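Worksheet: one structure, shown below.
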Amino acid sequence: MAGEPQADCLFCKIVAGEVPATVVRETETTVAFRDINPQAPTHVLIVPRKHYPDAGSLAAAEPAVAADLLTAAAAVAAEDKVDETGYRVVFNTGSGAGQTVFHTHAHVLGGRGLNWPPG
């Protein structure tokens, strides 16, 4: 059920502290941690503490938490000092877009040139 922890969800387990991660920022509604397979010098994932399968479902159910993800993304970029040189925030939605963990998450990427269009 959306909003409830899922026993088989990797990110729910990270939020609960059951799976280790390099956490860089926590708020009441979000957890940010370094990606284990970084695609840029800064590659941080930001997840809501509550489980929603993708960005659209989170935004529909809890728009304030969706906004919190973007606020956390800006804070992470500032902490990693990529806010002035530029960074990208990416939400992959669905397997066709590259989503592999079906718990809403934003990728914060920076610290190198990011070409357009991506991938």
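By convention in this document, the chains of the structure tokens carry letters A, B, ... by their order, each chain's residues are numbered from 1, and ligands are numbered from 1 in the order they are shown.
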Practice problem: Just the residues within 12 Å of Ala64 of chain A, please, counting only C-alpha atoms, with nothing from its chain fewer than 5 positions along; format it as a ChimeraX atom specification. | Solution: /A:28-30,48,58-59,69-71
Self-check item: Neighbour list for Thr93 of chain A as a PyMOL selection string, cut-off 7 Å, only C-alpha atoms, skip fewer than 2 positions in-chain
Solution: chain A and resi 54-55+91+95+97+99
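Around His107 of chain A, within 9 Å and counting only C-alpha atoms, the residues found are Asp35, His43, Val44, Leu45, Ile46, Ala73, Arg88, Val89, Val90, Phe91 and Asn92 of chain A, once anything fewer than 5 positions away on its own chain is removed.
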Practice problem: From segment 18-112 of chain A, collect each residue whose DSSP state is strand (DSSP E or B) and return the set as a ChimeraX atom specification. | Solution: /A:23-26,30-34,42-48,87-90,106-110
May I have the selected residues written with N, CA and C atoms, as a tab-separated table (two decimals), in the first residue's frame?
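The resulting file, again-v9.tsv, is shown below:
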```tsv
chain	number	residue	atom	x	y	z
A	23	VAL	N	24.60	8.00	4.31
A	23	VAL	CA	23.58	9.04	4.42
A	23	VAL	C	24.28	10.39	4.54
A	24	VAL	N	23.85	11.35	3.71
A	24	VAL	CA	24.45	12.68	3.71
A	24	VAL	C	23.50	13.75	4.25
A	25	ARG	N	22.21	13.44	4.32
A	25	ARG	CA	21.23	14.43	4.80
A	25	ARG	C	19.95	13.70	5.17
A	26	GLU	N	19.35	14.12	6.26
A	26	GLU	CA	18.05	13.58	6.67
A	26	GLU	C	17.17	14.73	7.09
A	30	THR	N	12.52	13.13	4.37
A	30	THR	CA	13.42	12.60	3.34
A	30	THR	C	14.71	12.05	3.93
A	31	VAL	N	15.34	11.17	3.14
A	31	VAL	CA	16.68	10.66	3.44
A	31	VAL	C	17.49	10.76	2.15
A	32	ALA	N	18.70	11.28	2.24
A	32	ALA	CA	19.60	11.40	1.08
A	32	ALA	C	20.85	10.59	1.34
A	33	PHE	N	21.25	9.81	0.34
A	33	PHE	CA	22.42	8.96	0.50
A	33	PHE	C	23.15	8.82	-0.83
A	34	ARG	N	24.43	8.52	-0.76
A	34	ARG	CA	25.27	8.38	-1.96
A	34	ARG	C	24.89	7.13	-2.74
A	42	THR	N	29.29	13.89	-7.90
A	42	THR	CA	28.17	13.96	-6.96
A	42	THR	C	27.04	13.14	-7.55
A	43	HIS	N	26.65	12.09	-6.86
A	43	HIS	CA	25.49	11.29	-7.25
A	43	HIS	C	24.83	10.83	-5.96
A	44	VAL	N	23.81	11.57	-5.58
A	44	VAL	CA	23.10	11.33	-4.34
A	44	VAL	C	21.65	11.01	-4.67
A	45	LEU	N	21.10	10.02	-3.98
A	45	LEU	CA	19.69	9.68	-4.12
A	45	LEU	C	18.93	10.27	-2.95
A	46	ILE	N	17.80	10.86	-3.23
A	46	ILE	CA	16.95	11.42	-2.18
A	46	ILE	C	15.61	10.70	-2.26
A	47	VAL	N	15.20	10.09	-1.15
A	47	VAL	CA	13.96	9.32	-1.10
A	47	VAL	C	13.04	9.88	-0.03
A	48	PRO	N	11.73	9.77	-0.24
A	48	PRO	CA	10.82	10.10	0.85
A	48	PRO	C	10.86	8.96	1.87
A	87	TYR	N	23.97	21.39	-11.58
A	87	TYR	CA	23.64	20.02	-11.22
A	87	TYR	C	22.32	19.65	-11.86
A	88	ARG	N	22.05	18.37	-11.88
A	88	ARG	CA	20.81	17.87	-12.48
A	88	ARG	C	20.06	17.06	-11.44
A	89	VAL	N	18.73	17.20	-11.45
A	89	VAL	CA	17.85	16.39	-10.61
A	89	VAL	C	17.02	15.54	-11.56
A	90	VAL	N	17.08	14.21	-11.37
A	90	VAL	CA	16.41	13.27	-12.28
A	90	VAL	C	15.48	12.36	-11.50
A	106	ALA	N	14.91	10.79	-6.23
A	106	ALA	CA	15.53	11.78	-7.09
A	106	ALA	C	17.03	11.54	-7.09
A	107	HIS	N	17.61	11.59	-8.28
A	107	HIS	CA	19.06	11.54	-8.41
A	107	HIS	C	19.57	12.97	-8.49
A	108	VAL	N	20.54	13.32	-7.67
A	108	VAL	CA	21.22	14.61	-7.78
A	108	VAL	C	22.59	14.32	-8.36
A	109	LEU	N	22.84	14.84	-9.55
A	109	LEU	CA	24.08	14.59	-10.28
A	109	LEU	C	24.81	15.90	-10.53
A	110	GLY	N	26.11	15.91	-10.31
A	110	GLY	CA	26.89	17.11	-10.58
A	110	GLY	C	28.37	16.83	-10.45
```
Quiz item: Quick one: of A:Ala2, A:Ala66, A:Ala74, A:Cys12, who's nearest to Val101 of chain A, counting only C-alpha atoms?
Solution: A:Cys12
Exercise. Go ahead and compute the interatomic distance for atom CA of Ala16 of chain A and atom CA of Lys50 of chain A, in Å to one decimal.
Key: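 If I compute the distance from atom CA of Ala16 of chain A to atom CA of Lys50 of chain A, I get 10.4 Å.
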Practice problem: Enumerate the residues of chain A with a DSSP assignment of alpha helix (DSSP H), computed from the backbone, and present them as an NGL selection string. | Solution: :A and (10-15 or 55-61 or 63-79)
Quiz item: Which residue out of A:Gly86, A:Pro117, A:Gly17, A:Gly94 has the minimum interatomic distance to Gly56 of chain A when only C-alpha atoms are used?
Solution: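 Looking only at the distances to Gly56 of chain A, the closest residue turns out to be A:Gly94.
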